[in-house]
Amino acid sequence: MRHIISLLMENESGALSRVAGLFSARGYNIESLNVAPTEDPTLSRMTIVTSGSEDVIEQITKQLDKLVDVVQMVDLTEGAHIERELMLVKVAAHGSDQREEMKRMADIFRGRIIDVTEDTYTIELTGPVTKHDAFIEAIDPAAIIETVRTGASGLGRGQRILRV
Amino acid sequence: MQLTGAEIVVHCLREEGVEYVFGYPGGAVLNIYDEIFKQDAFRHILVRHEQAAVHAADAYARSTLKPGVCLVTSGPGVTNAVTGIATAHMDSIPMVVITGQVPTHAIGQDAFQECDTVGITRPIVKHNFLVKDVRELAETMKKAFFIATTGRPGVVLVDIPKDVTQHTCEFAYPKQIEMRSYKPVTAGDPGEIDRAVELILSAKRPMVYAGGGTILSGASEKLVELVRGTGYPCTNTLMGLGAYPATDKQFVGMLGMHGTYEANMAMQLCDVLIAVGARFDDRVIGNPKHFFDPNRKIIHIDIDPSSISKRVKVDVAIVGNVAHVLDAINSKLKASKQKPDAEALQNWWGQIEQWRSRDCLKFDRASPIIKPQAVVEKLYEVTNGDAYITSDVGQHQMWAAQFYKFDKPLRWINSGGLGTMGVGLPYAMGVQFAHPDATVACVTGEASIQMCIQELSTCKQYHLPIKIVSLNNRYMGMVRQWQEFFYGNRYSESYMDALPDFVKLAESFGHVGMLIEKPEDIEGALREAFKLKDRLVFMDFRTDQTENVYPMVPGGKGLSEMILV
């Protein structure tokens with residue numbers, strides 16, 4: 001099953017490699033991983049999307065918790081949470097038919113076109129990972145020039161809070 | 001007080017009460033070595049290879065429970081130390097490893113003797129630090145000792161660039177340290193402890209299984225109290241030997257791949273298993289699928305939450321320091337009106353005695369060729385069971401574990417987790433430094449001993465009267481045994497031609513060498529060797545080449561599927 005794990009960790013060089021190394025050393029899956037400093041510059045917040053059986057997820061959370069740089073940790077998928085990802089897609093946009101089709105698809109998915117050239121559009125989408133998968137499915141695969149996704153970030157809902 | 005980084009390192013070690021630093025100098029640590037020259041708070045022990053420095057510091061820790069400290073230079077100093085670090089890490093040994101690094105401005109420039117020390121060692125330490133600013137050095141050293149010695153102990157590495165050892169700053173050593181990201185637990189959850197007590201008292205076929213965590217937490221006496229108080233059988237893992245006295249009736253021997261028949265059968269068929277500071281590893285329970293039994297309830301006491309339900313699902317999980325938790329359990333057991341089921345226990349012991357009568361460790365005592373088991377048996381007799389025994393890795397290690405009956409903790413020093421050949425001699429050095437007046441013997445084989453043989457020179461320099469008991473069968477015995485059992489007797493590369501004359505080799509280092517070829521000479525040779533109180537004696541026992549370690553649970557099999565002699 002898919003899990004989203006959020007970590008608060010000491011904002012120190014090497015902290016990221018400890019997490020990444022743990023996953024590769026123990027053979028755990030990483031679907032996506034992102035990290036950036038928080039409002040407290042001494043702390044970074046990392047979001048890891050992973051998958052595995054309940055036993056594996058239990059081990060992953062315990063092993064992460066054991067890392068000396070990890071201050072706090074929560075498995076967001078254990079409770080109510082919201083999840084967002086940013087995706088940028090550069091698509092071919094030749095001629096009025098294709099340009100209109102791409103604009104329409106972007107609108108349907110509540111995306112925005114943030115860069116326009118003679119031959120391309122770059123579309124920005126924000127939402128759950130599944131929405132982005134659906135967008136990729138929905139448009140003409142031959143039109144996709146490149147994509148980049150941040151991986152999911154998330155927060156617990158309401159009073160589910162991860163902070164020091 | 002303004003001090004240089006190098007002075008700070010030395011001051012920190014003094015503040016921590018360090019007795020010995022095992023090390024080897026080199027360019028990046030010359031400033032630190034210069035300060036070591038000027039002080040006499042601790043002794044520096046010069047080894048012949050960095051790997052041995054780490055092993056010796058590791059053994060110092062294993063035999064004292066105080067953190068071992070070693071110091072090596074950058075680049076090759078570090079890479080040579082890696083085997084030692086991984087060895088200590090796998091057995092959760094408290095250690096602080098100080099490494100030199102190229103100056104901060106040269107990091108990343110592929111400088112001479114540069115390597116990414118923090119990167120290379122990251123997966124084999126509990127934690128590591130690169131100190132880029134001298135103002136962080138003292139606090140980092142404090143953190144290193146704090147992390148190494150608390151919670152599940154482990155290795156902490158502090159990498160110090162050369163310019164940091166030159167820079168100066170105001171020195172103050174923190175008395176205590178608080179880390180928001182590291183808060184090890186000690187006491188177990190009271191609710192879980194109550195559940196454990198209830199389960200312990202309900203057992204019909206109980207079994208106590210104690211591992212290295214019992215020794216590392218200094219909980220042997222509490223384990224003895226639990227086992228004697230309940231009358232339950234007890235087994236120790238390879239890492240736990242000595243936690244429960246081996247000569248006691250309630251001890252059923254070591255368990256695992258080369259454990260006794262009675263220990264493995266009782267482990268497999270018990271209805272309540274009390275796991276104490278042990279981690280159900282593959283050499284202990286074999287295949288977890290075969291080990292699984294829905295009717296067996298398991299209580300697991302361990303300081304590390306990630307050790308619980310890793311390989312085996314447990315029913316009662318108590319995360320805490322083994323000594324604290326056993327204390328709590330013992331006092332609750334004492335206070336309880338309910339007592340263990342005496343009748344069920346009697347039946348269970350009847351069954352265990354039947355297994356014990358199988359005499360699974362028997363060997364041919366009339367053999368005209370020296371049997372390795374006989375050497376260890378005699379070693380036990382000659383040293384009155386009171387020596388510190390280190391071993392290398394292989395058949396001799398298993399025979400030492402099976403036949404030297406450890407009655408006390410901290411006496412059996414070996415590499416259980418990583419299984420590092422070559423540890424035996426440097427381990428004996430570390431133990432002898434920690435206990436200068438104690439009898440220290442290294443049980444080894446002719447293959448393992450050659451992996452750190454250069455340390456005979458260190459032993460000479462420091463007059464270490466170690467007794468080396470080499471069980472020389474002219475084979476990598478354990479490899480040969482697996483090839484015999486599982487590879488159709490194809491002894492691929494497990495035979496060593498051109499072995500040195502170990503007697504002459506020992507003599508060339510200034511030690512005493514002995515060659516023993518007949519069973520009737522074993523005892524006399526051992527007695528003579530141990531009489532030489534101030535000399536290292538290398539005993540080259542020519543043993544039976546075809547002897548195997550029994551019982552054996554083949555890899556992937558269940559505990560009750562043993563090959564017996």
# chains A, B, ... in the order shown; residues from 1 in each chain; ligands from 1

$ residues_around --residues "Val131 in chain B" --least-positions-apart "2" --cutoff "8 Å" --atoms "only C-alpha atoms" --output "list in words"
Phe129, Asp133, Val134, Glu136, Leu137, Thr140, Val158, Asp159, Ile160, Pro161 and Val164 of chain B

$ write_last_selection --atoms "N, CA and C atoms" --output "short mmCIF file (atom, residue, chain, number, x, y, z; two decimals), in the first residue's frame"
data_model
loop_
_atom_site.label_atom_id
_atom_site.label_comp_id
_atom_site.auth_asym_id
_atom_site.auth_seq_id
_atom_site.Cartn_x
_atom_site.Cartn_y
_atom_site.Cartn_z
N PHE B 129 29.80 12.50 12.11
CA PHE B 129 29.86 13.95 12.02
C PHE B 129 31.08 14.36 11.20
N ASP B 133 33.94 23.42 11.71
CA ASP B 133 34.27 24.64 12.45
C ASP B 133 34.75 24.23 13.83
N VAL B 134 35.90 24.74 14.21
CA VAL B 134 36.50 24.34 15.49
C VAL B 134 35.56 24.65 16.67
N GLU B 136 32.58 24.02 16.88
CA GLU B 136 31.60 22.94 17.07
C GLU B 136 32.25 21.66 17.59
N LEU B 137 33.58 21.69 17.72
CA LEU B 137 34.30 20.45 17.97
C LEU B 137 33.98 19.83 19.34
N THR B 140 30.50 18.46 19.55
CA THR B 140 30.38 17.27 18.71
C THR B 140 31.00 16.06 19.41
N VAL B 158 33.76 10.73 14.21
CA VAL B 158 33.93 12.18 14.13
C VAL B 158 35.07 12.46 13.16
N ASP B 159 34.73 13.09 12.05
CA ASP B 159 35.71 13.36 11.00
C ASP B 159 36.19 14.81 11.16
N ILE B 160 37.50 14.99 11.34
CA ILE B 160 38.01 16.33 11.66
C ILE B 160 39.05 16.77 10.62
N PRO B 161 38.72 17.76 9.81
CA PRO B 161 39.69 18.27 8.83
C PRO B 161 40.92 18.85 9.53
N VAL B 164 40.89 22.37 10.96
CA VAL B 164 40.09 22.51 12.19
C VAL B 164 40.93 22.16 13.42
#

$ residues_around --residues "Val102 in chain B" --least-positions-apart "6" --cutoff "10 Å" --atoms "only C-alpha atoms" --output "PyMOL selection string"
chain B and resi 27-29+73-75+108-115+159-164

$ interface_residues --of "chain B" --to "chain A" --cutoff "6 Å" --atoms "only C-alpha atoms" --output "PyMOL selection string"
chain B and resi 181-182+306

$ write_last_selection --atoms "C-alpha atoms" --output "PDB file, in the first residue's frame"
ATOM      1  CA  SER B 181      16.379  14.525  17.682  1.00  0.00           C
ATOM      2  CA  TYR B 182      17.762  11.774  19.910  1.00  0.00           C
ATOM      3  CA  SER B 306      13.254  -1.562  14.933  1.00  0.00           C
TER       4      SER B 306
END

$ atom_distance --atom1 "CA of Met451 in chain B" --atom2 "CA of Glu377 in chain B"
25.5 Å

$ atom_distance --atom1 "CA of Leu425 in chain B" --atom2 "CA of Ala59 in chain B"
10.2 Å
